[in-house]
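Trainee: PDB, C-alpha atoms, saved as work_34.pdb, coming up:
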```
ATOM      1  CA  MET A 727      65.222  77.246 146.600  1.00  0.00           C
ATOM      2  CA  LYS A 728      68.342  77.833 144.507  1.00  0.00           C
ATOM      3  CA  THR A 729      69.928  81.230 144.123  1.00  0.00           C
ATOM      4  CA  ALA A 730      72.116  82.338 141.280  1.00  0.00           C
ATOM      5  CA  LEU A 731      75.293  84.254 141.824  1.00  0.00           C
ATOM      6  CA  MET A 732      76.070  86.781 139.106  1.00  0.00           C
ATOM      7  CA  VAL A 733      79.795  87.353 138.618  1.00  0.00           C
ATOM      8  CA  PRO A 734      80.966  90.059 136.249  1.00  0.00           C
ATOM      9  CA  VAL A 735      83.546  88.848 133.753  1.00  0.00           C
ATOM     10  CA  LEU A 736      85.878  91.058 131.781  1.00  0.00           C
ATOM     11  CA  LEU A 737      86.707  89.611 128.386  1.00  0.00           C
ATOM     12  CA  SER A 738      89.721  90.731 126.457  1.00  0.00           C
ATOM     13  CA  LEU A 739      89.470  89.995 122.745  1.00  0.00           C
ATOM     14  CA  MET A 740      92.591  90.232 120.628  1.00  0.00           C
ATOM     15  CA  VAL A 741      91.900  89.750 116.955  1.00  0.00           C
ATOM     16  CA  VAL A 742      94.484  87.352 115.525  1.00  0.00           C
ATOM     17  CA  GLY A 743      94.357  86.161 111.967  1.00  0.00           C
ATOM     18  CA  ILE A 744      96.543  84.646 109.361  1.00  0.00           C
ATOM     19  CA  HIS A 745      95.667  83.878 105.769  1.00  0.00           C
ATOM     20  CA  VAL A 746      97.665  81.133 104.029  1.00  0.00           C
ATOM     21  CA  GLU A 747      97.674  80.164 100.342  1.00  0.00           C
ATOM     22  CA  GLN A 748      99.888  77.418  98.938  1.00  0.00           C
ATOM     23  CA  GLN A 749     100.456  76.305  95.370  1.00  0.00           C
ATOM     24  CA  LEU A 750     103.003  74.352  93.350  1.00  0.00           C
ATOM     25  CA  ASP A 751     104.762  75.662  90.260  1.00  0.00           C
ATOM     26  CA  ARG A 752     103.646  72.476  88.439  1.00  0.00           C
ATOM     27  CA  TYR A 753     101.704  69.339  89.265  1.00  0.00           C
ATOM     28  CA  HIS A 754     103.553  66.678  87.274  1.00  0.00           C
ATOM     29  CA  ALA A 755     107.191  65.708  87.780  1.00  0.00           C
ATOM     30  CA  GLY A 756     109.443  62.833  86.907  1.00  0.00           C
ATOM     31  CA  LEU A 757     111.401  60.856  89.478  1.00  0.00           C
ATOM     32  CA  GLY A 758     114.180  63.010  90.907  1.00  0.00           C
ATOM     33  CA  GLU A 759     112.738  66.259  89.517  1.00  0.00           C
ATOM     34  CA  GLU A 760     112.187  69.229  91.803  1.00  0.00           C
ATOM     35  CA  VAL A 761     108.939  71.165  92.153  1.00  0.00           C
ATOM     36  CA  SER A 762     108.678  74.539  93.860  1.00  0.00           C
ATOM     37  CA  VAL A 763     106.128  74.926  96.674  1.00  0.00           C
ATOM     38  CA  MET A 764     105.130  78.550  97.197  1.00  0.00           C
ATOM     39  CA  LEU A 765     103.219  80.008 100.140  1.00  0.00           C
ATOM     40  CA  ARG A 766     101.779  83.461 100.601  1.00  0.00           C
ATOM     41  CA  LEU A 767     101.064  84.401 104.218  1.00  0.00           C
ATOM     42  CA  GLY A 768      98.995  87.400 105.220  1.00  0.00           C
ATOM     43  CA  ASN A 769      98.508  88.865 108.689  1.00  0.00           C
ATOM     44  CA  THR A 770      94.828  89.811 108.975  1.00  0.00           C
ATOM     45  CA  GLY A 771      95.062  90.556 112.709  1.00  0.00           C
ATOM     46  CA  GLU A 772      95.924  93.598 114.751  1.00  0.00           C
ATOM     47  CA  SER A 773      99.309  92.455 116.101  1.00  0.00           C
ATOM     48  CA  ALA A 774     102.592  91.415 114.516  1.00  0.00           C
ATOM     49  CA  LEU A 775     103.040  87.638 114.172  1.00  0.00           C
ATOM     50  CA  ASP A 776     106.201  85.532 114.242  1.00  0.00           C
ATOM     51  CA  VAL A 777     105.516  82.895 111.570  1.00  0.00           C
ATOM     52  CA  SER A 778     107.492  79.817 110.525  1.00  0.00           C
ATOM     53  CA  VAL A 779     106.917  77.277 107.747  1.00  0.00           C
ATOM     54  CA  VAL A 780     107.990  73.627 107.791  1.00  0.00           C
ATOM     55  CA  PRO A 781     107.417  71.224 104.890  1.00  0.00           C
ATOM     56  CA  ALA A 782     105.092  68.359 105.882  1.00  0.00           C
ATOM     57  CA  VAL A 783     105.621  66.092 102.892  1.00  0.00           C
ATOM     58  CA  PRO A 784     104.586  62.435 102.800  1.00  0.00           C
ATOM     59  CA  PRO A 785     106.903  59.457 102.276  1.00  0.00           C
ATOM     60  CA  GLY A 786     107.853  59.319  98.594  1.00  0.00           C
ATOM     61  CA  LEU A 787     108.815  63.006  98.515  1.00  0.00           C
ATOM     62  CA  SER A 788     111.772  64.830 100.005  1.00  0.00           C
ATOM     63  CA  ALA A 789     111.881  68.534 100.847  1.00  0.00           C
ATOM     64  CA  GLN A 790     114.669  71.083 100.674  1.00  0.00           C
ATOM     65  CA  SER A 791     114.527  74.592 102.101  1.00  0.00           C
ATOM     66  CA  ALA A 792     114.821  77.350  99.526  1.00  0.00           C
ATOM     67  CA  GLY A 793     115.020  80.326 101.870  1.00  0.00           C
ATOM     68  CA  PRO A 794     114.360  81.533 105.395  1.00  0.00           C
ATOM     69  CA  SER A 795     111.905  79.422 107.378  1.00  0.00           C
ATOM     70  CA  SER A 796     110.575  82.160 109.686  1.00  0.00           C
ATOM     71  CA  VAL A 797     109.599  85.813 109.500  1.00  0.00           C
ATOM     72  CA  ASN A 798     107.780  88.510 111.473  1.00  0.00           C
ATOM     73  CA  ILE A 799     104.683  89.816 109.659  1.00  0.00           C
ATOM     74  CA  SER A 800     103.228  93.157 110.701  1.00  0.00           C
ATOM     75  CA  PRO A 801      99.450  93.744 110.809  1.00  0.00           C
ATOM     76  CA  GLY A 802      98.107  93.969 107.261  1.00  0.00           C
ATOM     77  CA  GLY A 803     101.450  92.738 105.923  1.00  0.00           C
ATOM     78  CA  SER A 804     102.346  89.636 103.976  1.00  0.00           C
ATOM     79  CA  ALA A 805     105.308  87.377 103.319  1.00  0.00           C
ATOM     80  CA  GLN A 806     106.208  84.681 100.833  1.00  0.00           C
ATOM     81  CA  PHE A 807     107.948  81.369 101.458  1.00  0.00           C
ATOM     82  CA  ALA A 808     109.198  78.771  99.013  1.00  0.00           C
ATOM     83  CA  TYR A 809     110.794  75.362  99.246  1.00  0.00           C
ATOM     84  CA  LEU A 810     111.511  72.502  96.873  1.00  0.00           C
ATOM     85  CA  VAL A 811     110.131  68.972  96.886  1.00  0.00           C
ATOM     86  CA  ARG A 812     111.629  66.105  94.925  1.00  0.00           C
ATOM     87  CA  GLY A 813     109.773  62.991  93.803  1.00  0.00           C
ATOM     88  CA  GLU A 814     111.503  59.916  95.231  1.00  0.00           C
ATOM     89  CA  ALA A 815     108.794  57.364  94.308  1.00  0.00           C
ATOM     90  CA  PRO A 816     105.986  57.343  91.713  1.00  0.00           C
ATOM     91  CA  GLY A 817     102.512  58.270  92.957  1.00  0.00           C
ATOM     92  CA  LEU A 818     100.017  61.038  93.678  1.00  0.00           C
ATOM     93  CA  TYR A 819     100.931  63.216  96.649  1.00  0.00           C
ATOM     94  CA  HIS A 820      99.232  65.906  98.700  1.00  0.00           C
ATOM     95  CA  VAL A 821     102.016  68.380  99.433  1.00  0.00           C
ATOM     96  CA  ARG A 822     101.370  70.078 102.772  1.00  0.00           C
ATOM     97  CA  SER A 823     103.097  72.709 104.863  1.00  0.00           C
ATOM     98  CA  GLN A 824     102.903  73.346 108.585  1.00  0.00           C
ATOM     99  CA  VAL A 825     102.576  77.022 109.415  1.00  0.00           C
ATOM    100  CA  THR A 826     103.273  77.955 113.024  1.00  0.00           C
ATOM    101  CA  TYR A 827     102.797  81.365 114.563  1.00  0.00           C
ATOM    102  CA  THR A 828     102.844  82.854 118.024  1.00  0.00           C
ATOM    103  CA  ASP A 829      99.756  84.812 119.021  1.00  0.00           C
ATOM    104  CA  PRO A 830      99.971  88.036 121.070  1.00  0.00           C
ATOM    105  CA  GLU A 831      99.485  86.049 124.299  1.00  0.00           C
ATOM    106  CA  GLY A 832     102.553  83.938 123.484  1.00  0.00           C
ATOM    107  CA  ARG A 833     100.655  80.759 122.543  1.00  0.00           C
ATOM    108  CA  SER A 834     101.930  78.720 119.629  1.00  0.00           C
ATOM    109  CA  ARG A 835      99.347  78.000 116.901  1.00  0.00           C
ATOM    110  CA  HIS A 836      99.700  75.445 114.089  1.00  0.00           C
ATOM    111  CA  ILE A 837      97.995  75.275 110.711  1.00  0.00           C
ATOM    112  CA  VAL A 838      98.556  72.502 108.162  1.00  0.00           C
ATOM    113  CA  CYS A 839      97.742  73.655 104.656  1.00  0.00           C
ATOM    114  CA  GLY A 840      97.854  72.188 101.187  1.00  0.00           C
ATOM    115  CA  ASP A 841      97.354  73.324  97.626  1.00  0.00           C
ATOM    116  CA  ARG A 842      94.713  76.047  97.423  1.00  0.00           C
ATOM    117  CA  SER A 843      92.821  74.056  94.750  1.00  0.00           C
ATOM    118  CA  ASN A 844      93.430  70.691  96.493  1.00  0.00           C
ATOM    119  CA  ARG A 845      95.488  69.412  93.533  1.00  0.00           C
ATOM    120  CA  GLN A 846      98.022  66.641  93.997  1.00  0.00           C
ATOM    121  CA  LEU A 847     101.559  66.280  92.705  1.00  0.00           C
ATOM    122  CA  ASN A 848     101.816  63.418  90.204  1.00  0.00           C
ATOM    123  CA  VAL A 849     105.290  61.845  90.228  1.00  0.00           C
ATOM    124  CA  SER A 850     105.983  59.367  87.447  1.00  0.00           C
TER
END
```
Represent the structure from my file as C-alpha cells, please.

Mentor:
Amino acid sequence: MKTALMVPVLLSLMVVGIHVEQQLDRYHAGLGEEVSVMLRLGNTGESALDVSVVPAVPPGLSAQSAGPSSVNISPGGSAQFAYLVRGEAPGLYHVRSQVTYTDPEGRSRHIVCGDRSNRQLNVS
C-alpha cells in the first residue's frame, strides 16, 4: 500500500510584464537610405524594470544607434527607443529588435520583436 506525503508549498508570485510595439517610419527604401525603427515599451508589471534594446537586423541591413540603448521603466510607465537601419542589399527584410529586461528576481529575460503589423522593409 502506497502512502502520499503532503508537503505545504508557499508560492510567491511577482507579476512581471512588458508590452513592446515596433514599427518603421516607412517600408520602402533605396540602397543606402536610412529608415527609422521605433519601439514603444510599457511596463505592465508591479516592479521597475531595467530594459535594453539591441537591433537584430538580418544580413543586407546595417543598424546604427539613435539614442540610449537602456532605460529603467517604472510600473505603469513607458519608454521609447529608436534606431536607424540602412539597406545594404536589395530585398525584403523583417526588421527585428531584441528587448532584454531584468525581472525582480534578477533573471535576464529576452524578447525578439518585429513590426507590429508584420510588414517587411523593401530595399530596392

Trainee: Between A:His820, A:Tyr827, A:Ala808, A:Asp776, which one has atoms that come closest to Asp751 (chain A), using only C-alpha atoms?

Mentor: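 Going through A:His820, A:Tyr827, A:Ala808, A:Asp776 one by one, the smallest distance to Asp751 (chain A) is for A:Ala808.
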
Trainee: Pick out the closest residue to Asn798 (chain A) from this set: A:Val777, A:Val763, A:Ala782, A:Val811. Count only C-alpha atoms.

Mentor: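 Looking only at the distances to Asn798 (chain A), the closest residue turns out to be A:Val777.
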
Trainee: Which residues fall under the PyMOL selection byres ((chain A and resi 828) around 10) in this file, as a ChimeraX atom specification?

Mentor: /A:742,774-778,798,826-827,829-836

Trainee: How many Å lie between CA of Asp841 (chain A) and CA of Val746 (chain A), rounded to one decimal?

Mentor: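 Distance between the two atoms: 10.1 Å.
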
Trainee: When you look at Tyr819 (chain A) with a cut-off of 12 Å (counting only C-alpha atoms), what residues show up, excluding the ones that are within fewer than 5 positions of it in the same chain? I need them as a list in words.

Mentor: Leu750, Tyr753, His754, Ala755, Ala782, Val783, Pro784, Pro785, Gly786, Leu787, Ser788, Val811, Arg812, Gly813, Glu814, Gly840, Asp841, Asn844, Arg845, Gln846, Leu847, Asn848, Val849 and Ser850 of chain A

Trainee: To one decimal place in Å, what is the distance between CA of Pro816 (chain A) and CA of Gly756 (chain A)?

Mentor: 8.1 Å

Trainee: Between CA of Glu747 (chain A) and CA of Ile799 (chain A), what is the spacing in Å?

Mentor: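 Interatomic distance, CA of Ile799 (chain A) to CA of Glu747 (chain A): 15.1 Å.
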
Trainee: Can you report as JSON the centre and edge lengths in Å, to one decimal, of an axis-aligned box around the listed atoms of region 807-825 of chain A padded with 8 Å on each side?

Mentor:
```
{"center_x": 105.4, "center_y": 69.4, "center_z": 100.6, "size_x": 28.4, "size_y": 40.0, "size_z": 33.7}
```

Trainee: So that I can see what lies close to Ser823 (chain A), please list as a list in words the residues with an atom at most 6 Å from it, counting all atoms listed in the file and leaving out residues fewer than 3 positions away in the same chain.

Mentor: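 Non-adjacent residues within range: Val780, Pro781, Ala782, Val838 and Cys839 of chain A.
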
Trainee: Please identify all polymer residues within 9 Å of Ala805 (chain A), counting all atoms listed in the file, omitting same-chain residues fewer than 6 positions from it, and present them as a list of chain:residue names.

Mentor: A:Leu765, A:Arg766, A:Leu767, A:Gly768, A:Asn769, A:Val797, A:Asn798, A:Ile799

Trainee: Between A:Ser762, A:Ser773, A:Gln748, A:Gln824, which is the closest to Ser796 (chain A) once you count only C-alpha atoms?

Mentor: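 For Ser796 (chain A), the nearest of the candidates is A:Gln824.
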
Trainee: Measuring atom to atom with all atoms listed in the file, identify which of A:Gly803, A:Thr770, A:Ile744, A:Glu760 is nearest to Ser791 (chain A).

Mentor: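 Smallest separation from Ser791 (chain A) among the options: A:Glu760.
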